[in-house]
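The structure under discussion appears below in the form of structure tokens.
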Amino acid sequence: MYSTPFSPAEARSARARVGLTTAQVAQSMTACGAPVRPELIEAWEYGSQAPTEAQLFVLADVLWCPPTVLMGVEPRTLAEHRMARQIGVDRLAQLIGMDPAAYRAAEAANRWNGDYRQTKALVEALGLSLRKLIGVMGRDEELAGHLRSAIEGRWKAHVGPVIEITTLNKTRVSDALRTMHAEFAEFSERYMGHLVARNDDSRLKEVAAERSAYLRRLADHFWELIGEAGEAPPFNTVTTR
């Protein structure tokens, strides 16, 4: 079972900043529908227990701070990004049009298999971009591998795998891979042209350096070609639980 990240030290600091006692925090949480005793607040603050996800959300409201402050970490996983936005699992599943059980499975595996419509709704709700979501899923290297193989070989063979990772449509992915394949082919043509012409080593090194720079920016260039669908700022964010 996933454990809600929580920093006792940050919780103590947050309470001190708003000048509340543990009794006052407990009273406020109870008034907000999350009944707790002062002893439990103390247990959270000294690390012997941790709040549930629902309690974390209410505690953040009472202490006037973002959940990420109390979590003590920058969001890394799908679950942590959801908690950072104070959205419960069932609510998020409803927002993106997915069965709650299926969404829970995605969080547990930190593996996203939603379609484009669901993915678009997910990045809107979590305040991410499509590219960032792929990074959260830990699929950056997998995508980069397909891009490298596509420009060096038969790009059409990698359209399907790239679509599976990104959920982008076939036309958008095909156009990007075709363009990148053609651009990379120019490096080989220029290099061979210099060899045939017996140009000096400096010209060959120049082309080789450009080729290396192109490869280093491969993922960046792919997202540049994809454009708004991958890199645009999030749409209207949702923070309703």
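Residue numbering restarts at 1 in every chain; chains get A, B, ... in the order shown in the structure tokens, and ligands count up from 1 in that same order.
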Can you list, as a list in words, every protein, DNA or RNA residue that comes within 12 Å of Gln27 (chain A) when you count only C-alpha atoms, leaving out same-chain residues fewer than 3 positions away?
-> Leu20, Thr21, Thr22, Ala23, Gln24, Thr30, Ala31, Cys32, Gly33, Ala34, Pro35, Val36, Arg37, Pro38, Glu39, Leu40, Ile41, Val58, Leu59 and Val62 of chain A
Go ahead and dump the residues you just picked, N, CA and C atoms, as a JSON list (two decimals), in the first residue's frame.
[["chain", "number", "residue", "atom", "x", "y", "z"],
["A", 20, "LEU", "N", -0.74, 28.19, 16.26],
["A", 20, "LEU", "CA", -1.80, 27.36, 16.83],
["A", 20, "LEU", "C", -1.20, 26.30, 17.75],
["A", 21, "THR", "N", -1.96, 25.92, 18.77],
["A", 21, "THR", "CA", -1.57, 24.80, 19.62],
["A", 21, "THR", "C", -2.07, 23.51, 18.96],
["A", 22, "THR", "N", -1.58, 22.38, 19.43],
["A", 22, "THR", "CA", -2.06, 21.11, 18.88],
["A", 22, "THR", "C", -3.56, 20.94, 19.16],
["A", 23, "ALA", "N", -4.01, 21.47, 20.29],
["A", 23, "ALA", "CA", -5.45, 21.39, 20.61],
["A", 23, "ALA", "C", -6.27, 22.20, 19.62],
["A", 24, "GLN", "N", -5.78, 23.37, 19.27],
["A", 24, "GLN", "CA", -6.49, 24.22, 18.30],
["A", 24, "GLN", "C", -6.50, 23.59, 16.91],
["A", 30, "THR", "N", -11.39, 18.87, 13.33],
["A", 30, "THR", "CA", -12.67, 18.25, 13.66],
["A", 30, "THR", "C", -13.82, 19.06, 13.07],
["A", 31, "ALA", "N", -13.71, 20.39, 13.15],
["A", 31, "ALA", "CA", -14.75, 21.25, 12.57],
["A", 31, "ALA", "C", -14.83, 21.11, 11.06],
["A", 32, "CYS", "N", -13.71, 20.71, 10.44],
["A", 32, "CYS", "CA", -13.67, 20.54, 8.98],
["A", 32, "CYS", "C", -14.06, 19.12, 8.56],
["A", 33, "GLY", "N", -14.51, 18.32, 9.52],
["A", 33, "GLY", "CA", -14.98, 16.98, 9.17],
["A", 33, "GLY", "C", -13.94, 15.89, 9.28],
["A", 34, "ALA", "N", -12.80, 16.19, 9.89],
["A", 34, "ALA", "CA", -11.75, 15.17, 10.09],
["A", 34, "ALA", "C", -11.42, 15.12, 11.58],
["A", 35, "PRO", "N", -12.28, 14.49, 12.37],
["A", 35, "PRO", "CA", -12.10, 14.49, 13.83],
["A", 35, "PRO", "C", -10.81, 13.82, 14.28],
["A", 36, "VAL", "N", -10.00, 14.54, 15.03],
["A", 36, "VAL", "CA", -8.75, 14.01, 15.60],
["A", 36, "VAL", "C", -8.59, 14.58, 17.01],
["A", 37, "ARG", "N", -7.73, 13.95, 17.79],
["A", 37, "ARG", "CA", -7.42, 14.43, 19.12],
["A", 37, "ARG", "C", -6.05, 15.11, 19.11],
["A", 38, "PRO", "N", -5.79, 16.01, 20.04],
["A", 38, "PRO", "CA", -4.49, 16.68, 20.10],
["A", 38, "PRO", "C", -3.32, 15.71, 20.19],
["A", 39, "GLU", "N", -3.55, 14.56, 20.86],
["A", 39, "GLU", "CA", -2.48, 13.57, 21.00],
["A", 39, "GLU", "C", -2.06, 13.02, 19.64],
["A", 40, "LEU", "N", -3.01, 12.95, 18.71],
["A", 40, "LEU", "CA", -2.67, 12.44, 17.38],
["A", 40, "LEU", "C", -1.85, 13.46, 16.61],
["A", 41, "ILE", "N", -2.19, 14.74, 16.75],
["A", 41, "ILE", "CA", -1.40, 15.79, 16.12],
["A", 41, "ILE", "C", 0.05, 15.71, 16.61],
["A", 58, "VAL", "N", -6.74, 18.05, 4.99],
["A", 58, "VAL", "CA", -7.39, 18.94, 5.96],
["A", 58, "VAL", "C", -6.35, 19.67, 6.79],
["A", 59, "LEU", "N", -5.30, 18.98, 7.20],
["A", 59, "LEU", "CA", -4.25, 19.61, 7.99],
["A", 59, "LEU", "C", -3.61, 20.75, 7.21],
["A", 62, "VAL", "N", -5.91, 23.72, 7.41],
["A", 62, "VAL", "CA", -5.90, 24.31, 8.74],
["A", 62, "VAL", "C", -4.63, 25.12, 8.99]]
Please run DSSP on the backbone and report, as JSON, numbers by chain, all residues within region 34-175 of chain A that come out as alpha helix (DSSP H).
-> {"A": [38, 39, 40, 41, 42, 43, 44, 45, 53, 54, 55, 56, 57, 58, 59, 60, 61, 62, 67, 68, 69, 70, 71, 78, 79, 80, 81, 82, 83, 84, 89, 90, 91, 92, 93, 94, 95, 96, 100, 101, 102, 103, 104, 105, 106, 107, 108, 109, 116, 117, 118, 119, 120, 121, 122, 123, 124, 125, 126, 130, 131, 132, 133, 134, 135, 136, 140, 141, 142, 143, 144, 145, 146, 147, 148, 149, 150, 151, 152, 159, 160, 161, 162, 163, 164, 165, 166, 170, 171, 172, 173, 174, 175]}
Using only C-alpha atoms, pick whichever of A:Tyr46, A:Ala208, A:Tyr214, A:Thr166 has the shortest atom-to-atom distance to Ile151 (chain A).
-> A:Tyr214
Which residues, written as a list in words, have at least one atom at most 12 Å from Lys170 (chain A), with only C-alpha atoms counted and residues fewer than 2 positions away on the same chain left out?
-> Tyr116, Lys156, His158, Val159, Gly160, Pro161, Val162, Ile163, Glu164, Thr166, Thr167, Leu168, Arg172, Val173, Ser174, Asp175, Ala176, Leu177, Arg178 and Ile226 of chain A
Show me, as a Markdown table, the residues of region 44-109 of chain A having an atom within 7 Å of region 129-143 of chain A, each with the closest atom pair and its distance in Å, using only C-alpha atoms.
| residue | atom | partner | partner_atom | distance |
| --- | --- | --- | --- | --- |
| A:Arg76 | CA | A:Val136 | CA | 6.1 |
| A:Thr77 | CA | A:Val136 | CA | 5.7 |
| A:Leu78 | CA | A:Val136 | CA | 6.6 |
Go ahead and write the residues just picked, all heavy atoms, as an mmCIF file, in the first residue's frame.
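Here's the written file again10.cif:
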data_model
loop_
_atom_site.group_PDB
_atom_site.id
_atom_site.type_symbol
_atom_site.label_atom_id
_atom_site.label_comp_id
_atom_site.auth_asym_id
_atom_site.auth_seq_id
_atom_site.Cartn_x
_atom_site.Cartn_y
_atom_site.Cartn_z
ATOM 1 N N ARG A 76 7.117 13.442 -7.056
ATOM 2 C CA ARG A 76 7.883 12.642 -8.008
ATOM 3 C C ARG A 76 7.008 11.635 -8.736
ATOM 4 O O ARG A 76 7.252 11.316 -9.884
ATOM 5 C CB ARG A 76 8.999 11.881 -7.271
ATOM 6 C CG ARG A 76 10.002 12.768 -6.538
ATOM 7 C CD ARG A 76 10.627 12.005 -5.377
ATOM 8 N NE ARG A 76 9.602 11.627 -4.405
ATOM 9 C CZ ARG A 76 9.854 10.984 -3.270
ATOM 10 N NH1 ARG A 76 11.092 10.630 -2.978
ATOM 11 N NH2 ARG A 76 8.869 10.679 -2.442
ATOM 12 N N THR A 77 6.018 11.108 -8.048
ATOM 13 C CA THR A 77 5.176 10.063 -8.617
ATOM 14 C C THR A 77 3.803 10.622 -8.981
ATOM 15 O O THR A 77 3.440 11.739 -8.598
ATOM 16 C CB THR A 77 4.992 8.923 -7.610
ATOM 17 O OG1 THR A 77 4.263 9.422 -6.474
ATOM 18 C CG2 THR A 77 6.345 8.375 -7.147
ATOM 19 N N LEU A 78 3.030 9.808 -9.680
ATOM 20 C CA LEU A 78 1.667 10.196 -10.036
ATOM 21 C C LEU A 78 0.854 10.462 -8.775
ATOM 22 O O LEU A 78 0.123 11.454 -8.687
ATOM 23 C CB LEU A 78 1.031 9.082 -10.862
ATOM 24 C CG LEU A 78 -0.329 9.362 -11.501
ATOM 25 C CD1 LEU A 78 -0.262 10.562 -12.425
ATOM 26 C CD2 LEU A 78 -0.810 8.125 -12.264
#
Neighbours of Glu107 (chain A) within 10 Å (only C-alpha atoms; same-chain residues fewer than 3 positions away dropped), as a short mmCIF file (atom, residue, chain, number, x, y, z; two decimals) with all heavy atoms, in the first residue's frame?
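Heads up, here's the output in part-v5.cif:
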data_model
loop_
_atom_site.label_atom_id
_atom_site.label_comp_id
_atom_site.auth_asym_id
_atom_site.auth_seq_id
_atom_site.Cartn_x
_atom_site.Cartn_y
_atom_site.Cartn_z
N TYR A 2 0.47 2.26 -0.75
CA TYR A 2 1.26 3.47 -0.84
C TYR A 2 1.20 4.25 0.46
O TYR A 2 0.14 4.43 1.05
CB TYR A 2 0.76 4.35 -2.00
CG TYR A 2 1.60 5.57 -2.21
CD1 TYR A 2 2.80 5.50 -2.90
CD2 TYR A 2 1.21 6.79 -1.67
CE1 TYR A 2 3.58 6.63 -3.08
CE2 TYR A 2 1.99 7.93 -1.85
CZ TYR A 2 3.17 7.83 -2.56
OH TYR A 2 3.96 8.94 -2.72
N THR A 77 6.02 11.11 -8.05
CA THR A 77 5.18 10.06 -8.62
C THR A 77 3.80 10.62 -8.98
O THR A 77 3.44 11.74 -8.60
CB THR A 77 4.99 8.92 -7.61
OG1 THR A 77 4.26 9.42 -6.47
CG2 THR A 77 6.35 8.37 -7.15
N LEU A 78 3.03 9.81 -9.68
CA LEU A 78 1.67 10.20 -10.04
C LEU A 78 0.85 10.46 -8.77
O LEU A 78 0.12 11.45 -8.69
CB LEU A 78 1.03 9.08 -10.86
CG LEU A 78 -0.33 9.36 -11.50
CD1 LEU A 78 -0.26 10.56 -12.43
CD2 LEU A 78 -0.81 8.13 -12.26
N ALA A 79 1.00 9.61 -7.77
CA ALA A 79 0.26 9.78 -6.52
C ALA A 79 0.65 11.08 -5.82
O ALA A 79 -0.21 11.81 -5.32
CB ALA A 79 0.50 8.58 -5.60
N GLU A 80 1.93 11.37 -5.79
CA GLU A 80 2.39 12.59 -5.10
C GLU A 80 1.95 13.85 -5.82
O GLU A 80 1.61 14.86 -5.18
CB GLU A 80 3.90 12.55 -4.93
CG GLU A 80 4.34 11.52 -3.89
CD GLU A 80 5.85 11.35 -3.82
OE1 GLU A 80 6.56 12.06 -4.58
OE2 GLU A 80 6.32 10.52 -3.04
N ARG A 82 -0.80 14.09 -7.49
CA ARG A 82 -2.23 14.22 -7.18
C ARG A 82 -2.42 14.80 -5.78
O ARG A 82 -3.24 15.71 -5.59
CB ARG A 82 -2.91 12.84 -7.28
CG ARG A 82 -4.38 12.86 -6.86
CD ARG A 82 -5.01 11.49 -6.93
NE ARG A 82 -4.29 10.50 -6.15
CZ ARG A 82 -4.33 10.41 -4.82
NH1 ARG A 82 -5.06 11.26 -4.11
NH2 ARG A 82 -3.67 9.46 -4.19
N VAL A 89 -8.46 10.27 -4.93
CA VAL A 89 -8.43 9.31 -6.05
C VAL A 89 -9.75 9.26 -6.78
O VAL A 89 -9.81 9.34 -8.01
CB VAL A 89 -8.05 7.90 -5.53
CG1 VAL A 89 -8.29 6.85 -6.60
CG2 VAL A 89 -6.59 7.87 -5.09
N ALA A 101 -10.89 2.08 -9.94
CA ALA A 101 -9.99 0.93 -9.74
C ALA A 101 -8.85 0.96 -10.75
O ALA A 101 -7.70 0.65 -10.41
CB ALA A 101 -10.77 -0.38 -9.85
N ALA A 102 -9.18 1.34 -11.98
CA ALA A 102 -8.14 1.42 -13.01
C ALA A 102 -7.15 2.54 -12.70
O ALA A 102 -5.94 2.38 -12.90
CB ALA A 102 -8.79 1.66 -14.38
N TYR A 103 -7.67 3.66 -12.18
CA TYR A 103 -6.76 4.74 -11.83
C TYR A 103 -5.87 4.35 -10.65
O TYR A 103 -4.68 4.64 -10.63
CB TYR A 103 -7.51 6.03 -11.51
CG TYR A 103 -6.54 7.12 -11.15
CD1 TYR A 103 -5.82 7.78 -12.14
CD2 TYR A 103 -6.25 7.41 -9.81
CE1 TYR A 103 -4.85 8.71 -11.82
CE2 TYR A 103 -5.30 8.35 -9.48
CZ TYR A 103 -4.60 8.99 -10.48
OH TYR A 103 -3.62 9.89 -10.16
N ARG A 104 -6.45 3.68 -9.66
CA ARG A 104 -5.65 3.24 -8.52
C ARG A 104 -4.52 2.31 -8.97
O ARG A 104 -3.40 2.38 -8.47
CB ARG A 104 -6.52 2.53 -7.48
CG ARG A 104 -7.42 3.45 -6.68
CD ARG A 104 -8.04 2.72 -5.49
NE ARG A 104 -8.94 3.60 -4.77
CZ ARG A 104 -10.24 3.71 -5.03
NH1 ARG A 104 -10.78 3.00 -6.01
NH2 ARG A 104 -11.00 4.54 -4.33
N ASN A 110 2.65 3.24 -10.99
CA ASN A 110 3.22 4.47 -11.55
C ASN A 110 3.41 4.30 -13.06
O ASN A 110 4.45 4.64 -13.64
CB ASN A 110 4.56 4.83 -10.90
CG ASN A 110 4.87 6.31 -11.04
OD1 ASN A 110 4.00 7.16 -10.85
ND2 ASN A 110 6.11 6.64 -11.38
N ARG A 111 2.36 3.79 -13.69
CA ARG A 111 2.37 3.51 -15.13
C ARG A 111 1.05 3.98 -15.71
O ARG A 111 -0.01 3.52 -15.30
CB ARG A 111 2.55 2.01 -15.36
CG ARG A 111 2.69 1.59 -16.80
CD ARG A 111 4.12 1.72 -17.25
NE ARG A 111 4.33 1.18 -18.58
CZ ARG A 111 5.51 1.10 -19.16
NH1 ARG A 111 6.59 1.52 -18.52
NH2 ARG A 111 5.64 0.62 -20.38
N TRP A 112 1.11 4.90 -16.66
CA TRP A 112 -0.10 5.49 -17.20
C TRP A 112 -0.46 4.85 -18.54
O TRP A 112 0.35 4.79 -19.46
CB TRP A 112 0.08 7.00 -17.39
CG TRP A 112 -1.12 7.69 -17.95
CD1 TRP A 112 -1.22 8.30 -19.17
CD2 TRP A 112 -2.39 7.83 -17.32
NE1 TRP A 112 -2.48 8.81 -19.32
CE2 TRP A 112 -3.23 8.53 -18.21
CE3 TRP A 112 -2.90 7.40 -16.09
CZ2 TRP A 112 -4.54 8.84 -17.90
CZ3 TRP A 112 -4.22 7.71 -15.79
CH2 TRP A 112 -5.03 8.43 -16.70
N MET A 137 6.29 9.27 -15.15
CA MET A 137 6.11 7.84 -15.35
C MET A 137 7.44 7.11 -15.55
O MET A 137 7.48 5.89 -15.67
CB MET A 137 5.23 7.59 -16.59
CG MET A 137 3.81 8.10 -16.49
SD MET A 137 2.85 7.25 -15.21
CE MET A 137 2.98 8.46 -13.90
#
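With only C-alpha atoms as the atoms that count, the minimum distance from Val69 (chain A) to the choices A:Ala50, A:Leu95, A:Ala9, A:Ala125 is reached by A:Ala9.
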Correct to one decimal, the distance CA of His181 (chain A)-CA of Arg154 (chain A) is 8.6 Å
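Nearest to Glu74 (chain A) of all the residues A:Gly114, A:Gly227, A:Pro5, A:Gly97 is A:Pro5, counting only C-alpha atoms.
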Tell me which of A:Thr179, A:Ser48, A:Ser13, A:Asn169 sits closest to Trp64 (chain A), counting only C-alpha atoms.
-> A:Ser13
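Among the candidates A:Thr68, A:Thr171, A:Ser149, A:Ser202, the residue lying nearest to Phe184 (chain A) is A:Ser149 (atoms considered: only C-alpha atoms).
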Extract, using only C-alpha atoms, all DNA, RNA and protein residues at most 12 Å from Glu152 (chain A), discarding same-chain residues fewer than 4 positions from it, and format them as number ranges by chain.
-> A: 145-148, 156-158, 177-178, 180-188, 211, 215, 218
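Between Met29 (chain A) and the residues A:Thr4, A:Trp44, A:Ala16, A:Leu63, the shortest atom-to-atom distance, using only C-alpha atoms, involves A:Leu63.
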